Amino acid sequence: MTAPTSTLKPTTTPAAAGRDRVVDLLRAVSLLVVALGHWLLAGLWVAPDGAVHVEHLLAAQPWTQWLTWGAQVIGLFMLAGAYANATSWRNHVARGGGYGAWLAGRFHRLLGPTLPLVAVWLPLAWLLGRSGVVAADVLREATRVVAVPLWFLAVYVLLVAATPRLLAWHDRLGVRAVLLLVGAAVGVELLTRGLGLPVVGWLQFPLVWGAVHQLGFFWQDGRLRAAGRRCWWALTVGGFGGLVLVTRVLDLYPLSMVGVPGDERSNNTPPSLAILLLAAAHLGVVMLAHGRLSGWLRRPRVWHPTGRLGAMAMSVYLWHLTAMVAVLGVALLLPGGSRLLAAPTGTAAWWAARPLWLAAFAVPTLVVVRLVLPVERATVAAVGKLRGRRVEAAPVVAATLLACAAMAGFAGQGFTVPGAPADLPVVAAGCLAGGLVIIANAVRSARPVRG
């Protein structure tokens with residue numbers, strides 16, 4: 001009953017597994033690739049008559065949609081995150097810790113860095129809306145853009161909270177756990193397409209990303225590493241081959257792994273089964289390159305920068321679109337600034353200017369990151385204080401659910417909601433405030449673990 005259905009067997013105990021530096025590399029690099037991708041996709045330009053055109057590179061240059069097969073790396077973060085979550089939970093249990101303290105720690109680490117973003121944008125959106133400096137429709141769109149990164153946190157934190165259950169499921173069912181999630185996702189898709197119930201499609205967020213997260217457990221427990229190159233090649237070829245089949249041959253899904261404005265279907269919102277195929281292919285590639293990457297990361301001159309990169313990756317991810325919106329806004333407002341944006345999206349001149357624009361987006365992002373990093377360090381310190389403490393699980397779970405609802409609300413509405421009190425997302429802000437109060441009380445009431 002407890003034996004996994006897969007022929008893959010765990011090769012190490014959690015305590016002996018050690019740190020896999022490739023996981024740290026992927027968690028950092030994947031978030032930075034997302035930032036670079038967003039910067040590259042922005043196709044704002046100004047025509048000679050002064051008209052401002054907001055385009056999307058994937059729509060303006062459809063050939064670039066092939067690039068998303070490599071650049072859509074949220075799946076890699078999910079896989080590496082599953083590894084880290086499983087390792088963290090197993091180690092926490094081995095030390096005698098409970099679920100409440102563990103989840104409170106993950107809450108601080110993941111949601112703590114979002115507080116400066118929300119704390120800046122809520123009053124800034126209100127001030128800009130009241131001043132009239134920015135047109136209402138422009139402000140609404142800008143605040144929706146800067147809140148885009150929060151959708152991922154809403155989904156990921158839910159999976160983090162469910163990790164102990166999902167990991168127990170993995171230990172008991174093995175591959176069947178993944179297949180059950182995939183089967184449920186197929187069922188949802190049939191309901192969405194066959195019966196015309198699009199609202200049901202939003203269940204794909206926990207199902208598809210949950211299946212990807214579940215795959216990461218096979219990496220953490222050693223089964224995937226023990227499976228060998230034949231299995232890794234099967235994941236790679238099967239994943240990419242499956243994508244060709246479902247996108248080009250059967251035309252079940254769009255070519256792009258990122259949503260393209262104007263397209264009827266999207267692989268990203270909500271996530272489709274194509275995303276799961278892509279994640280499997282990426283996992284196979286990582287396993288094939290794992291030995292070389294591990295050797296490379298053992299070099300101090302490589303590992304030390306990787307560690308620094310990891311420390312700032314979440315802040316870069318959260319703030320990179322704020323920096324982009326600010327830079328483009330300044331360029332439009334400056335006298336003669338429109339000349340900097342004169343090249344239509346996808347032209348040779350536009351591509352030639354990309355390095356300069358990427359640098360222009362990167363510099364303010366790094367400045368902001370330097371300012372908010374102390375907040376991240378403070379959250380890490382708060383996590384450290386929870387060791388050896390017992391925290392009631394129920395209020396922490398409630399706080400986590402409220403915080404996830406807030407992140408989803410901000411991501412869906414932005415920081416300006418016409419018609420709401422003060423034109424602000426008061427429901428999402430209320431959920432976040434309530435979650436923070438609840439978890440603060442839970443942590444304050446923590447008591448030492450009795451030996």
# chains A, B, ... in the order shown; residues from 1 in each chain; ligands from 1
$ closest_atom_pairs --of "segment 248-326 of chain A" --to "segment 185-208 of chain A" --cutoff "10 Å" --atoms "only C-alpha atoms" --output "JSON lines"
{"residue": "A:Asn268", "atom": "CA", "partner": "A:Phe205", "partner_atom": "CA", "distance": 9.2}
{"residue": "A:Thr269", "atom": "CA", "partner": "A:Trp202", "partner_atom": "CA", "distance": 8.1}
{"residue": "A:Pro270", "atom": "CA", "partner": "A:Trp202", "partner_atom": "CA", "distance": 5.8}
{"residue": "A:Pro271", "atom": "CA", "partner": "A:Gln204", "partner_atom": "CA", "distance": 6.0}
{"residue": "A:Ser272", "atom": "CA", "partner": "A:Val208", "partner_atom": "CA", "distance": 7.0}
{"residue": "A:Leu273", "atom": "CA", "partner": "A:Val208", "partner_atom": "CA", "distance": 6.8}
{"residue": "A:Ala274", "atom": "CA", "partner": "A:Val208", "partner_atom": "CA", "distance": 9.4}
{"residue": "A:Ile275", "atom": "CA", "partner": "A:Val208", "partner_atom": "CA", "distance": 7.7}
{"residue": "A:Leu276", "atom": "CA", "partner": "A:Val208", "partner_atom": "CA", "distance": 6.5}
$ residues_around --residues "segment 217-219 of chain A" --least-positions-apart "2" --cutoff "9 Å" --atoms "only C-alpha atoms" --output "list in words"
Leu8, Pro10, Leu79, Ala80, Ala82, Tyr83, Asn85, Ala86, Leu167, His170, Gly174, Val175, His213, Gln214, Leu215, Asp221, Gly222, Arg223, Leu224, Arg225 and Met287 of chain A
$ write_last_selection --atoms "N, CA and C atoms" --output "compact mmCIF listing (two decimals), in the first residue's frame"
# COMPACT_ATOMS: atom_id res chain seq x y z
N LEU A 8 10.84 3.46 -10.04
CA LEU A 8 11.92 4.24 -9.46
C LEU A 8 11.86 4.12 -7.95
N PRO A 10 13.51 5.36 -4.11
CA PRO A 10 14.32 6.37 -3.45
C PRO A 10 15.72 5.83 -3.20
N LEU A 79 9.32 23.07 -10.26
CA LEU A 79 10.04 21.82 -10.02
C LEU A 79 11.10 22.00 -8.93
N ALA A 80 11.88 23.07 -9.06
CA ALA A 80 12.89 23.34 -8.05
C ALA A 80 12.25 23.69 -6.72
N ALA A 82 9.40 22.52 -5.60
CA ALA A 82 8.93 21.28 -4.99
C ALA A 82 10.07 20.57 -4.28
N TYR A 83 11.24 20.56 -4.92
CA TYR A 83 12.42 19.97 -4.29
C TYR A 83 12.72 20.66 -2.96
N ASN A 85 10.72 22.58 -1.13
CA ASN A 85 9.63 22.42 -0.16
C ASN A 85 9.67 21.06 0.52
N ALA A 86 9.90 20.01 -0.28
CA ALA A 86 9.95 18.67 0.29
C ALA A 86 11.14 18.53 1.24
N LEU A 167 3.18 15.58 -0.42
CA LEU A 167 4.35 14.73 -0.28
C LEU A 167 3.97 13.36 0.26
N HIS A 170 2.54 11.56 -2.56
CA HIS A 170 3.63 11.11 -3.43
C HIS A 170 4.29 9.84 -2.88
N GLY A 174 3.19 7.46 -5.61
CA GLY A 174 4.20 7.59 -6.66
C GLY A 174 3.65 8.26 -7.90
N VAL A 175 3.86 7.62 -9.04
CA VAL A 175 3.46 8.19 -10.32
C VAL A 175 1.95 8.36 -10.40
N HIS A 213 4.47 20.52 -9.83
CA HIS A 213 5.06 20.51 -8.49
C HIS A 213 5.26 19.07 -8.02
N GLN A 214 4.30 18.20 -8.30
CA GLN A 214 4.38 16.81 -7.89
C GLN A 214 5.56 16.09 -8.56
N LEU A 215 5.84 16.46 -9.82
CA LEU A 215 6.99 15.87 -10.52
C LEU A 215 8.31 16.19 -9.80
N ASP A 221 13.48 13.03 -3.96
CA ASP A 221 13.70 11.78 -3.23
C ASP A 221 14.71 10.85 -3.90
N GLY A 222 15.31 11.29 -4.99
CA GLY A 222 16.37 10.53 -5.63
C GLY A 222 15.92 9.56 -6.70
N ARG A 223 14.63 9.36 -6.86
CA ARG A 223 14.17 8.38 -7.84
C ARG A 223 14.52 8.81 -9.28
N LEU A 224 14.35 10.07 -9.56
CA LEU A 224 14.61 10.54 -10.91
C LEU A 224 16.09 10.46 -11.24
N ARG A 225 16.94 10.83 -10.28
CA ARG A 225 18.39 10.73 -10.52
C ARG A 225 18.80 9.28 -10.75
N MET A 287 18.04 17.24 -15.94
CA MET A 287 18.66 15.99 -15.48
C MET A 287 19.84 15.61 -16.37
$ residues_around --residues "segment 304-321 of chain A" --least-positions-apart "2" --cutoff "10 Å" --atoms "only C-alpha atoms" --output "ChimeraX atom specification"
/A:21-22,24-36,38-39,109-110,113-114,116-117,142-143,145-150,153,297-302,323-327,361-366,368-373,375-377
$ residues_around --residues "segment 136-138 of chain A" --least-positions-apart "6" --cutoff "10 Å" --atoms "only C-alpha atoms" --output "number ranges by chain"
A: 128-130, 144, 416, 418
$ write_last_selection --atoms "N, CA, C and O atoms" --output "CSV table (one decimal), in the first residue's frame"
chain,number,residue,atom,x,y,z
A,128,LEU,N,-2.0,59.1,-7.8
A,128,LEU,CA,-2.0,59.4,-9.2
A,128,LEU,C,-3.4,59.5,-9.7
A,128,LEU,O,-3.7,60.3,-10.6
A,129,GLY,N,-4.3,58.7,-9.2
A,129,GLY,CA,-5.7,58.8,-9.6
A,129,GLY,C,-6.3,60.1,-9.2
A,129,GLY,O,-7.1,60.7,-10.0
A,130,ARG,N,-6.0,60.6,-8.0
A,130,ARG,CA,-6.6,61.8,-7.5
A,130,ARG,C,-6.0,63.0,-8.2
A,130,ARG,O,-6.7,64.0,-8.4
A,144,ARG,N,-2.2,47.2,-13.4
A,144,ARG,CA,-2.5,45.8,-13.6
A,144,ARG,C,-1.2,45.1,-14.1
A,144,ARG,O,-0.9,44.0,-13.7
A,416,THR,N,-5.8,49.6,-9.1
A,416,THR,CA,-6.8,50.6,-9.3
A,416,THR,C,-8.1,49.9,-9.7
A,416,THR,O,-8.0,49.1,-10.7
A,418,PRO,N,-11.8,50.9,-10.6
A,418,PRO,CA,-12.9,52.0,-10.8
A,418,PRO,C,-14.2,51.5,-10.1
A,418,PRO,O,-14.7,50.4,-10.3
$ atom_distance --atom1 "atom CA of Met257 of chain A" --atom2 "atom CA of Thr236 of chain A"
16.4 Å
$ select_by_dssp --residues "segment 66-309 of chain A" --states "alpha helix (DSSP H)" --output "ChimeraX atom specification"
/A:68-71,74-94,99-111,114-131,136-146,150-161,163-173,175-194,204-220,223-227,229-244,273-297,300-309
$ closest_residue --among "A:Ala42, A:Ala47, A:Ala440, A:Val23" --to "Ala343 of chain A" --atoms "only C-alpha atoms"
A:Ala47
$ closest_residue --among "A:Gly284, A:Pro425, A:Gly262, A:Gly96" --to "Leu58 of chain A" --atoms "only C-alpha atoms"
A:Gly262
$ closest_residue --among "A:Val258, A:Trp121, A:Met78, A:Val46" --to "Thr64 of chain A" --atoms "only C-alpha atoms"
A:Val258
$ closest_atom_pairs --of "segment 158-228 of chain A" --to "segment 87-90 of chain A" --cutoff "8 Å" --atoms "only C-alpha atoms" --output "JSON lines"
{"residue": "A:Thr163", "atom": "CA", "partner": "A:Trp89", "partner_atom": "CA", "distance": 7.9}
{"residue": "A:Pro164", "atom": "CA", "partner": "A:Trp89", "partner_atom": "CA", "distance": 6.9}
{"residue": "A:Gln220", "atom": "CA", "partner": "A:Thr87", "partner_atom": "CA", "distance": 7.1}
$ atom_distance --atom1 "atom CA of Thr345 of chain A" --atom2 "atom CA of His56 of chain A"
7.9 Å
$ closest_residue --among "A:Ala94, A:Ala168, A:Ala420, A:Ala442" --to "Val396 of chain A" --atoms "only C-alpha atoms"
A:Ala442
$ residues_around --residues "Ala353 of chain A" --least-positions-apart "2" --cutoff "12 Å" --atoms "only C-alpha atoms" --output "ChimeraX atom specification"
/A:40,43,45,340-351,355-360
$ decode --residues "segment 310-324 of chain A" --atoms "N, CA, C and O atoms" --output "PDB file, in the first residue's frame"
ATOM      1  N   GLY A 310      20.512  34.411  -5.990  1.00  0.00           N
ATOM      2  CA  GLY A 310      19.333  33.828  -5.365  1.00  0.00           C
ATOM      3  C   GLY A 310      18.730  34.723  -4.309  1.00  0.00           C
ATOM      4  O   GLY A 310      17.498  34.753  -4.133  1.00  0.00           O
ATOM      5  N   ALA A 311      19.584  35.461  -3.591  1.00  0.00           N
ATOM      6  CA  ALA A 311      19.089  36.332  -2.517  1.00  0.00           C
ATOM      7  C   ALA A 311      18.262  37.493  -3.051  1.00  0.00           C
ATOM      8  O   ALA A 311      17.417  38.037  -2.331  1.00  0.00           O
ATOM      9  N   MET A 312      18.499  37.882  -4.302  1.00  0.00           N
ATOM     10  CA  MET A 312      17.793  39.049  -4.840  1.00  0.00           C
ATOM     11  C   MET A 312      16.757  38.676  -5.901  1.00  0.00           C
ATOM     12  O   MET A 312      16.008  39.525  -6.360  1.00  0.00           O
ATOM     13  N   ALA A 313      16.687  37.389  -6.287  1.00  0.00           N
ATOM     14  CA  ALA A 313      15.837  36.998  -7.415  1.00  0.00           C
ATOM     15  C   ALA A 313      14.369  37.321  -7.186  1.00  0.00           C
ATOM     16  O   ALA A 313      13.679  37.815  -8.083  1.00  0.00           O
ATOM     17  N   MET A 314      13.847  37.046  -5.983  1.00  0.00           N
ATOM     18  CA  MET A 314      12.436  37.296  -5.720  1.00  0.00           C
ATOM     19  C   MET A 314      12.109  38.780  -5.810  1.00  0.00           C
ATOM     20  O   MET A 314      11.068  39.171  -6.355  1.00  0.00           O
ATOM     21  N   SER A 315      12.986  39.617  -5.285  1.00  0.00           N
ATOM     22  CA  SER A 315      12.744  41.061  -5.358  1.00  0.00           C
ATOM     23  C   SER A 315      12.809  41.560  -6.803  1.00  0.00           C
ATOM     24  O   SER A 315      12.013  42.412  -7.211  1.00  0.00           O
ATOM     25  N   VAL A 316      13.760  41.044  -7.579  1.00  0.00           N
ATOM     26  CA  VAL A 316      13.815  41.408  -9.000  1.00  0.00           C
ATOM     27  C   VAL A 316      12.514  41.010  -9.690  1.00  0.00           C
ATOM     28  O   VAL A 316      11.934  41.781 -10.462  1.00  0.00           O
ATOM     29  N   TYR A 317      12.054  39.798  -9.404  1.00  0.00           N
ATOM     30  CA  TYR A 317      10.815  39.310 -10.005  1.00  0.00           C
ATOM     31  C   TYR A 317       9.635  40.215  -9.653  1.00  0.00           C
ATOM     32  O   TYR A 317       8.803  40.538 -10.511  1.00  0.00           O
ATOM     33  N   LEU A 318       9.553  40.628  -8.407  1.00  0.00           N
ATOM     34  CA  LEU A 318       8.415  41.428  -7.965  1.00  0.00           C
ATOM     35  C   LEU A 318       8.447  42.857  -8.505  1.00  0.00           C
ATOM     36  O   LEU A 318       7.393  43.451  -8.765  1.00  0.00           O
ATOM     37  N   TRP A 319       9.641  43.433  -8.682  1.00  0.00           N
ATOM     38  CA  TRP A 319       9.751  44.841  -9.009  1.00  0.00           C
ATOM     39  C   TRP A 319      10.099  45.131 -10.462  1.00  0.00           C
ATOM     40  O   TRP A 319      10.091  46.301 -10.871  1.00  0.00           O
ATOM     41  N   HIS A 320      10.395  44.121 -11.276  1.00  0.00           N
ATOM     42  CA  HIS A 320      10.909  44.413 -12.617  1.00  0.00           C
ATOM     43  C   HIS A 320       9.880  45.106 -13.502  1.00  0.00           C
ATOM     44  O   HIS A 320      10.248  45.937 -14.344  1.00  0.00           O
ATOM     45  N   LEU A 321       8.606  44.799 -13.331  1.00  0.00           N
ATOM     46  CA  LEU A 321       7.594  45.460 -14.154  1.00  0.00           C
ATOM     47  C   LEU A 321       7.315  46.883 -13.675  1.00  0.00           C
ATOM     48  O   LEU A 321       6.968  47.760 -14.473  1.00  0.00           O
ATOM     49  N   THR A 322       7.462  47.123 -12.379  1.00  0.00           N
ATOM     50  CA  THR A 322       7.348  48.505 -11.877  1.00  0.00           C
ATOM     51  C   THR A 322       8.421  49.375 -12.504  1.00  0.00           C
ATOM     52  O   THR A 322       8.154  50.504 -12.947  1.00  0.00           O
ATOM     53  N   ALA A 323       9.642  48.848 -12.562  1.00  0.00           N
ATOM     54  CA  ALA A 323      10.741  49.601 -13.176  1.00  0.00           C
ATOM     55  C   ALA A 323      10.467  49.853 -14.657  1.00  0.00           C
ATOM     56  O   ALA A 323      10.703  50.954 -15.168  1.00  0.00           O
ATOM     57  N   MET A 324       9.967  48.832 -15.346  1.00  0.00           N
ATOM     58  CA  MET A 324       9.688  48.985 -16.780  1.00  0.00           C
ATOM     59  C   MET A 324       8.626  50.044 -17.025  1.00  0.00           C
ATOM     60  O   MET A 324       8.775  50.923 -17.889  1.00  0.00           O
TER      61      MET A 324
END
